[in-house]
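File shown: input.txt (compact mmCIF, C-alpha atoms).
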```txt
# COMPACT_ATOMS: atom_id res chain seq x y z
CA MET J 30 11.41 7.57 -19.13
CA LYS J 31 8.05 9.22 -19.85
CA LYS J 32 7.86 7.46 -23.23
CA ALA J 33 8.63 4.09 -21.62
CA ILE J 34 5.96 4.66 -18.96
CA THR J 35 3.37 5.64 -21.59
CA ALA J 36 4.25 2.57 -23.69
CA LEU J 37 3.92 0.30 -20.65
CA LEU J 38 0.60 1.90 -19.68
CA PHE J 39 -0.82 1.34 -23.17
CA ALA J 40 0.58 -2.21 -23.44
CA GLY J 41 -0.78 -3.12 -20.00
CA GLY J 42 -4.13 -1.47 -20.73
CA ALA J 43 -4.43 -3.30 -24.07
CA LEU J 44 -3.69 -6.64 -22.41
CA LEU J 45 -6.21 -5.94 -19.66
CA LEU J 46 -8.90 -5.15 -22.22
CA THR J 47 -7.99 -8.31 -24.15
CA GLY J 48 -8.18 -10.32 -20.92
CA LEU J 49 -11.58 -8.80 -20.22
CA ALA J 50 -12.83 -9.72 -23.71
CA LEU J 51 -11.51 -13.28 -23.35
CA ALA J 52 -13.09 -13.60 -19.89
CA PHE J 53 -16.54 -12.52 -21.04
CA LEU J 54 -16.64 -13.66 -24.66
CA VAL J 55 -14.48 -16.80 -24.81
CA ALA J 56 -14.09 -18.36 -21.36
CA PRO J 57 -17.05 -20.55 -20.40
CA MET J 58 -19.22 -19.83 -17.40
CA ALA J 59 -18.03 -21.56 -14.22
CA VAL J 60 -20.41 -24.12 -12.76
CA ASN J 61 -20.79 -24.97 -9.07
CA GLN J 62 -21.17 -28.45 -7.55
CA LYS J 63 -24.95 -28.30 -8.03
CA GLY J 64 -24.47 -27.65 -11.77
CA VAL J 65 -25.60 -24.02 -11.48
CA GLU J 66 -23.70 -21.42 -13.57
CA ILE J 67 -21.88 -18.78 -11.49
CA PHE J 68 -21.66 -15.46 -13.36
CA SER J 69 -20.00 -13.68 -10.42
CA GLN J 70 -16.96 -15.93 -11.00
CA LYS J 71 -16.07 -13.51 -13.83
CA ILE J 72 -14.72 -11.20 -11.11
CA PHE J 73 -11.91 -13.75 -10.68
CA TYR J 74 -10.17 -12.62 -13.92
CA PHE J 75 -9.20 -9.27 -12.38
CA HIS J 76 -9.53 -10.06 -8.67
CA VAL J 77 -6.69 -12.61 -8.62
CA PRO J 78 -4.31 -10.52 -10.82
CA VAL J 79 -4.75 -7.44 -8.58
CA SER J 80 -4.25 -9.64 -5.54
CA GLU J 81 -1.05 -11.29 -6.83
CA THR J 82 0.26 -7.92 -8.04
CA SER J 83 -0.34 -6.31 -4.66
CA LEU J 84 1.52 -9.10 -2.82
CA LEU J 85 4.37 -8.91 -5.31
CA ALA J 86 4.57 -5.11 -4.89
CA PHE J 87 4.76 -5.48 -1.10
CA VAL J 88 7.60 -8.00 -1.45
CA LEU J 89 9.33 -5.67 -3.92
CA GLY J 90 8.92 -2.82 -1.41
CA ALA J 91 10.76 -4.94 1.16
CA VAL J 92 13.52 -5.83 -1.32
CA PHE J 93 14.08 -2.14 -2.15
CA GLY J 94 13.90 -1.36 1.57
CA ALA J 95 16.66 -3.90 2.24
CA MET J 96 18.71 -2.45 -0.64
CA PHE J 97 18.37 1.00 0.92
CA LEU J 98 19.59 -0.29 4.29
CA VAL J 99 22.64 -1.82 2.59
CA ASN J 100 23.50 0.99 0.12
CA LYS J 101 21.96 4.08 1.80
CA ASN J 102 21.08 5.25 -1.69
CA PRO J 103 17.86 7.35 -1.52
CA LYS J 104 16.67 6.00 -4.87
CA TYR J 105 15.94 2.65 -3.17
CA ASP J 106 13.86 4.44 -0.54
CA PHE J 107 11.84 6.11 -3.33
CA LEU J 108 11.43 2.77 -5.11
CA SER J 109 10.39 1.09 -1.86
CA LEU J 110 7.80 3.81 -1.20
CA ALA J 111 6.52 3.54 -4.79
CA ALA J 112 6.20 -0.26 -4.55
CA VAL J 113 4.41 -0.13 -1.19
CA GLU J 114 2.01 2.55 -2.44
CA ILE J 115 1.21 0.54 -5.59
CA GLY J 116 0.74 -2.56 -3.41
CA PHE J 117 -1.64 -0.60 -1.17
CA VAL J 118 -3.70 0.77 -4.07
CA PHE J 119 -3.96 -2.71 -5.56
CA GLY J 120 -4.76 -4.03 -2.09
CA LEU J 121 -7.76 -1.69 -1.90
CA LEU J 122 -8.90 -3.14 -5.23
CA VAL J 123 -8.51 -6.65 -3.84
CA GLU J 124 -10.71 -5.69 -0.89
CA TRP J 125 -13.25 -4.02 -3.19
CA THR J 126 -13.58 -6.96 -5.61
CA GLY J 127 -13.33 -9.49 -2.79
CA VAL J 128 -16.14 -7.93 -0.78
CA ILE J 129 -18.35 -7.77 -3.89
CA TRP J 130 -17.61 -11.40 -4.75
CA THR J 131 -18.29 -12.45 -1.14
CA ARG J 132 -21.66 -10.70 -1.25
CA ALA J 133 -22.57 -12.19 -4.62
CA GLU J 134 -21.49 -15.73 -3.79
CA TRP J 135 -21.85 -16.15 -0.05
CA GLY J 136 -24.64 -13.64 0.54
CA VAL J 137 -22.67 -11.59 3.08
CA TRP J 138 -20.41 -8.55 2.71
CA TRP J 139 -17.78 -9.88 5.07
CA THR J 140 -16.78 -13.10 6.81
CA TRP J 141 -13.80 -13.72 9.07
CA GLU J 142 -12.33 -16.58 7.05
CA PRO J 143 -8.51 -16.99 6.81
CA ARG J 144 -7.88 -15.20 3.48
CA LEU J 145 -10.10 -12.18 4.12
CA THR J 146 -8.84 -11.85 7.67
CA SER J 147 -5.14 -12.21 6.82
CA TYR J 148 -5.45 -9.75 3.92
CA PHE J 149 -7.28 -7.28 6.16
CA ILE J 150 -4.43 -7.48 8.72
CA LEU J 151 -1.92 -7.01 5.88
CA MET J 152 -3.69 -3.83 4.76
CA LEU J 153 -3.81 -2.48 8.31
CA MET J 154 -0.06 -3.06 8.62
CA TYR J 155 0.62 -1.18 5.39
CA ALA J 156 -1.68 1.66 6.45
CA GLY J 157 0.74 1.92 9.38
CA TYR J 158 3.63 2.32 6.91
CA PHE J 159 2.15 5.59 5.62
CA VAL J 160 1.40 6.81 9.13
CA LEU J 161 5.03 6.13 10.02
CA ARG J 162 6.34 7.98 6.96
CA SER J 163 4.23 11.03 7.64
CA SER J 164 5.09 11.14 11.34
CA VAL J 165 8.90 11.24 10.99
CA ASN J 166 10.34 14.54 9.79
CA GLU J 167 14.03 13.83 9.57
CA GLU J 168 14.61 12.42 6.06
CA SER J 169 17.28 9.78 6.74
CA ALA J 170 15.44 8.46 9.82
CA LYS J 171 12.20 8.36 7.83
CA ALA J 172 13.85 6.31 5.07
CA ARG J 173 15.55 3.98 7.57
CA PHE J 174 12.45 3.33 9.69
CA SER J 175 10.31 2.87 6.56
CA ALA J 176 12.76 0.36 5.10
CA VAL J 177 12.74 -1.73 8.29
CA TYR J 178 8.94 -1.49 8.52
CA SER J 179 8.49 -2.53 4.87
CA ILE J 180 10.61 -5.63 5.49
CA VAL J 181 8.71 -6.62 8.65
CA ALA J 182 5.29 -5.98 7.05
CA ALA J 183 6.19 -8.02 3.95
CA VAL J 184 6.38 -11.16 6.10
CA ASN J 185 2.57 -11.02 5.96
CA ALA J 186 2.51 -11.37 2.16
CA PRO J 187 3.45 -15.08 1.96
CA LEU J 188 1.35 -15.75 5.08
CA THR J 189 -1.67 -14.25 3.32
CA PHE J 190 -0.92 -16.20 0.14
CA PHE J 191 -0.63 -19.53 1.95
CA ALA J 192 -3.42 -18.88 4.49
CA ILE J 193 -6.11 -20.69 2.48
CA ARG J 194 -3.69 -23.48 1.54
CA LEU J 195 -2.76 -24.24 5.14
CA ILE J 196 -5.93 -23.45 7.08
CA PRO J 197 -9.34 -24.90 6.11
CA SER J 198 -11.29 -22.13 4.38
CA VAL J 199 -14.35 -21.52 2.21
CA HIS J 200 -12.22 -19.29 -0.06
CA PRO J 201 -11.68 -21.05 -3.42
CA VAL J 202 -8.18 -22.37 -4.20
CA VAL J 203 -7.79 -22.35 -7.99
CA PHE J 204 -4.05 -22.94 -8.19
CA ASP J 205 -2.35 -25.60 -6.11
CA SER J 206 0.54 -28.05 -6.39
CA SER J 207 -1.46 -30.16 -8.86
CA GLY J 208 -1.92 -27.19 -11.24
CA ALA J 209 -4.71 -24.84 -12.30
CA HIS J 210 -8.25 -26.11 -11.77
CA MET J 211 -9.90 -24.51 -14.76
CA GLU J 212 -10.40 -24.94 -18.48
CA ALA J 213 -7.70 -23.86 -20.95
CA SER J 214 -9.69 -20.86 -22.25
CA MET J 215 -10.28 -19.67 -18.67
CA LEU J 216 -6.59 -20.02 -17.92
CA ALA J 217 -5.72 -18.08 -21.09
CA ALA J 218 -8.04 -15.21 -20.07
CA PHE J 219 -6.50 -15.22 -16.61
CA LEU J 220 -2.90 -15.23 -17.87
CA VAL J 221 -3.55 -12.35 -20.29
CA SER J 222 -5.16 -10.31 -17.48
CA MET J 223 -2.29 -11.21 -15.13
CA SER J 224 0.33 -10.07 -17.67
CA GLY J 225 -1.62 -6.85 -18.29
CA MET J 226 -1.84 -6.14 -14.57
CA LEU J 227 1.89 -6.73 -14.08
CA ILE J 228 2.86 -4.45 -16.98
CA PHE J 229 0.37 -1.75 -15.90
CA SER J 230 1.63 -1.86 -12.32
CA THR J 231 5.25 -1.58 -13.53
CA ALA J 232 4.28 1.61 -15.34
CA LEU J 233 2.60 2.93 -12.17
CA LEU J 234 5.69 2.07 -10.14
CA LEU J 235 7.95 4.01 -12.51
CA LEU J 236 5.52 6.95 -12.61
CA ARG J 237 5.36 7.09 -8.80
CA TYR J 238 9.16 6.79 -8.56
CA GLN J 239 9.59 9.63 -11.05
CA LEU J 240 7.21 11.80 -9.01
CA GLN J 241 9.10 11.11 -5.79
CA THR J 242 12.47 11.87 -7.43
CA ALA J 243 11.14 15.16 -8.81
CA ARG J 244 9.68 16.09 -5.39
CA GLU J 245 12.98 15.40 -3.65
CA GLU J 246 14.83 17.49 -6.22
CA LEU J 247 12.40 20.35 -5.68
CA ASP J 248 12.71 20.13 -1.89
CA TYR J 249 16.49 20.09 -2.19
CA LEU J 250 16.54 23.20 -4.36
CA LYS J 251 14.11 25.00 -2.05
CA ASN J 252 16.18 24.18 1.02
CA GLU J 253 19.47 24.93 -0.66
CA PHE J 254 18.49 28.30 -2.09
CA GLY J 255 15.88 29.34 0.44
CA GLY J 256 13.12 29.27 -2.21
CA MET S 27 -26.99 -16.31 -8.41
CA GLY S 28 -27.91 -15.98 -12.11
CA ILE S 29 -26.58 -13.51 -14.65
CA LYS S 30 -29.31 -10.94 -14.01
CA GLU S 31 -28.78 -10.92 -10.24
CA ALA S 32 -24.98 -11.06 -10.41
CA LEU S 33 -24.56 -8.47 -13.18
CA PRO S 34 -24.55 -5.37 -10.89
CA TYR S 35 -21.87 -6.98 -8.71
CA VAL S 36 -19.66 -7.92 -11.67
CA VAL S 37 -20.07 -4.49 -13.29
CA GLY S 38 -19.40 -2.79 -9.96
CA ALA S 39 -16.23 -4.80 -9.40
CA TYR S 40 -14.78 -4.05 -12.84
CA MET S 41 -15.87 -0.40 -12.81
CA GLY S 42 -14.15 0.07 -9.45
CA ILE S 43 -10.89 -1.36 -10.78
CA TRP S 44 -10.84 0.79 -13.91
CA VAL S 45 -11.83 3.96 -12.06
CA VAL S 46 -9.10 3.48 -9.43
CA LEU S 47 -6.37 2.51 -11.91
CA LEU S 48 -7.08 5.31 -14.37
CA GLY S 49 -7.69 7.77 -11.52
CA TYR S 50 -4.32 6.88 -10.01
CA VAL S 51 -2.57 7.44 -13.36
CA PHE S 52 -4.36 10.79 -13.75
CA ILE S 53 -3.49 11.97 -10.22
CA MET S 54 0.17 10.90 -10.45
CA ASN S 55 0.55 12.48 -13.87
CA ASN S 56 -1.04 15.73 -12.66
CA ARG S 57 1.19 15.89 -9.59
CA LEU S 58 4.28 15.16 -11.68
CA SER S 59 3.40 17.96 -14.12
CA GLY S 60 2.88 20.33 -11.19
CA VAL S 61 6.22 19.48 -9.58
CA LYS S 62 8.04 19.75 -12.92
CA LYS S 63 6.46 23.14 -13.56
CA GLU S 64 7.59 24.30 -10.12
CA LEU S 65 11.07 22.93 -10.76
CA GLY S 66 11.25 24.83 -14.04
CA ALA S 67 10.14 28.09 -12.41
CA LEU S 68 12.63 27.64 -9.57
CA SER S 69 15.51 26.90 -11.94
CA GLU S 70 14.63 30.01 -13.95
CA ALA S 71 14.54 32.15 -10.79
CA LEU S 72 17.89 30.78 -9.69
CA GLU S 73 19.40 31.50 -13.07
CA LYS S 74 18.16 35.10 -12.91
CA ARG S 75 19.57 35.48 -9.40
CA SER S 76 22.97 34.14 -10.45
CA ARG S 77 23.08 36.57 -13.40
CA LYS S 78 22.63 39.54 -11.01
```

Transcribe the structure of this file into structure tokens.
Amino acid sequence: MKKAITALLFAGGALLLTGLALAFLVAPMAVNQKGVEIFSQKIFYFHVPVSETSLLAFVLGAVFGAMFLVNKNPKYDFLSLAAVEIGFVFGLLVEWTGVIWTRAEWGVWWTWEPRLTSYFILMLMYAGYFVLRSSVNEESAKARFSAVYSIVAAVNAPLTFFAIRLIPSVHPVVFDSSGAHMEASMLAAFLVSMSGMLIFSTALLLLRYQLQTAREELDYLKNEFGG
Amino acid sequence: MGIKEALPYVVGAYMGIWVVLLGYVFIMNNRLSGVKKELGALSEALEKRSRK
């Protein structure tokens, strides 16, 4: 497993670096409606991949949570925890890059527009997931409550995704039903970064899952043999 | 905002991402090594106990 994780980390990292090179060296500079070049748009090439990855991880956390409720197999609880944690870490990166982009483009650090607001609520809900996990001591109850919570919280993921498509917003919509609104070289840079982010996050998920499995094994041995 | 003005924001955004991603890998890997070391020591102690 360790070899697979290392391979995924390197493959994801290499794709991310390639995406970065394509974004800065090949993709043209975006231009606004006044014909002015927008350099801060370069943030898009990592901002959107971390955002999509975080939403996907939250949904995956809910799927594993549901699988735990059906099978009662602890491995699904560990996978759900790993997915939610990865989603949360990526969510922090979404907030970080989003706030920087907002400041660079709109001149403010924060504005209560639909995407920023819905994502902020999503992050608060997932912060609650970790509070819940740390406040329940009994293992099976912790896993059960967390699984239910992860499913309920994941309802926010599609709401956040569609927020700027359903409610009028100043947040840019690059992809819609008519396709991607960007040049081919920009799309290529984006797709390479997106693939890199997905592969890298898969490696992180497996690494976190492995850590949780090892921890549980250690706790079991300690409890069993009074270590 | 031109390149010169936007550069610190773009660099800051990308730096943040790399620092967090690599930091997370480092922390997880460190914790995993620690737990595995503890598991090894515990298994060894249990083996010794069972031999007695």

9 Å contacts from chain S to chain J using all atoms listed in the file, as a PDB file with C-alpha atoms, in the frame of the given file:
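See selection.pdb below for the written result:
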```
ATOM      1  CA  MET S  27     -26.990 -16.310  -8.410  1.00  0.00           C
ATOM      2  CA  GLY S  28     -27.910 -15.980 -12.110  1.00  0.00           C
ATOM      3  CA  ILE S  29     -26.580 -13.510 -14.650  1.00  0.00           C
ATOM      4  CA  LYS S  30     -29.310 -10.940 -14.010  1.00  0.00           C
ATOM      5  CA  GLU S  31     -28.780 -10.920 -10.240  1.00  0.00           C
ATOM      6  CA  ALA S  32     -24.980 -11.060 -10.410  1.00  0.00           C
ATOM      7  CA  LEU S  33     -24.560  -8.470 -13.180  1.00  0.00           C
ATOM      8  CA  TYR S  35     -21.870  -6.980  -8.710  1.00  0.00           C
ATOM      9  CA  VAL S  36     -19.660  -7.920 -11.670  1.00  0.00           C
ATOM     10  CA  VAL S  37     -20.070  -4.490 -13.290  1.00  0.00           C
ATOM     11  CA  GLY S  38     -19.400  -2.790  -9.960  1.00  0.00           C
ATOM     12  CA  ALA S  39     -16.230  -4.800  -9.400  1.00  0.00           C
ATOM     13  CA  TYR S  40     -14.780  -4.050 -12.840  1.00  0.00           C
ATOM     14  CA  GLY S  42     -14.150   0.070  -9.450  1.00  0.00           C
ATOM     15  CA  ILE S  43     -10.890  -1.360 -10.780  1.00  0.00           C
ATOM     16  CA  VAL S  46      -9.100   3.480  -9.430  1.00  0.00           C
ATOM     17  CA  LEU S  47      -6.370   2.510 -11.910  1.00  0.00           C
ATOM     18  CA  TYR S  50      -4.320   6.880 -10.010  1.00  0.00           C
ATOM     19  CA  VAL S  51      -2.570   7.440 -13.360  1.00  0.00           C
ATOM     20  CA  MET S  54       0.170  10.900 -10.450  1.00  0.00           C
ATOM     21  CA  ASN S  55       0.550  12.480 -13.870  1.00  0.00           C
ATOM     22  CA  ARG S  57       1.190  15.890  -9.590  1.00  0.00           C
ATOM     23  CA  LEU S  58       4.280  15.160 -11.680  1.00  0.00           C
ATOM     24  CA  SER S  59       3.400  17.960 -14.120  1.00  0.00           C
ATOM     25  CA  VAL S  61       6.220  19.480  -9.580  1.00  0.00           C
ATOM     26  CA  LYS S  62       8.040  19.750 -12.920  1.00  0.00           C
ATOM     27  CA  GLU S  64       7.590  24.300 -10.120  1.00  0.00           C
ATOM     28  CA  LEU S  65      11.070  22.930 -10.760  1.00  0.00           C
ATOM     29  CA  LEU S  68      12.630  27.640  -9.570  1.00  0.00           C
ATOM     30  CA  SER S  69      15.510  26.900 -11.940  1.00  0.00           C
ATOM     31  CA  LEU S  72      17.890  30.780  -9.690  1.00  0.00           C
TER      32      LEU S  72
END
```

- Item | CA of Gly208 (chain J) to CA of Phe53 (chain J), straight-line distance in Å |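 Interatomic distance here is 22.9 Å.
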
- Message: When you look at Ala213 (chain J) with a cut-off of 12 Å (counting all atoms listed in the file), what residues show up, excluding the ones that are within fewer than 2 positions of it in the same chain? I need them as a list in words.
- Response: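 So, after excluding close chain neighbours, the residues are Leu51, Ala52, Val55, Ala56, Pro57, Gly208, Ala209, His210, Met211, Met215, Leu216, Ala217, Ala218, Phe219 and Leu220 of chain J.
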
- Item | CA of Gly225 (chain J) to CA of Leu44 (chain J), straight-line distance in Å | 4.6 Å

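What separates CA of Val181 (chain J) from CA of Met154 (chain J) is a distance of 9.5 Å.
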
Box along x, y and z, 8 Å on every side, all listed atoms of region 40-55 of chain S inside: centre and edge lengths in Å to one decimal, as lines of an AutoDock Vina configuration file.
```
center_x = -7.7
center_y = 4.2
center_z = -11.9
size_x = 32.4
size_y = 32.5
size_z = 20.9
```

- Near Lys171 (chain J), within 12 Å and counting only C-alpha atoms, which residues show up once chain neighbours fewer than 4 positions away are dropped, as number ranges by chain? J: 94, 97-98, 103, 106-107, 110, 158-167, 175-179

- Using only C-alpha atoms, find the one residue out of J:Val60, J:Met96, J:Ile193, J:Ile180 that sits nearest to Asp205 (chain J). J:Ile193
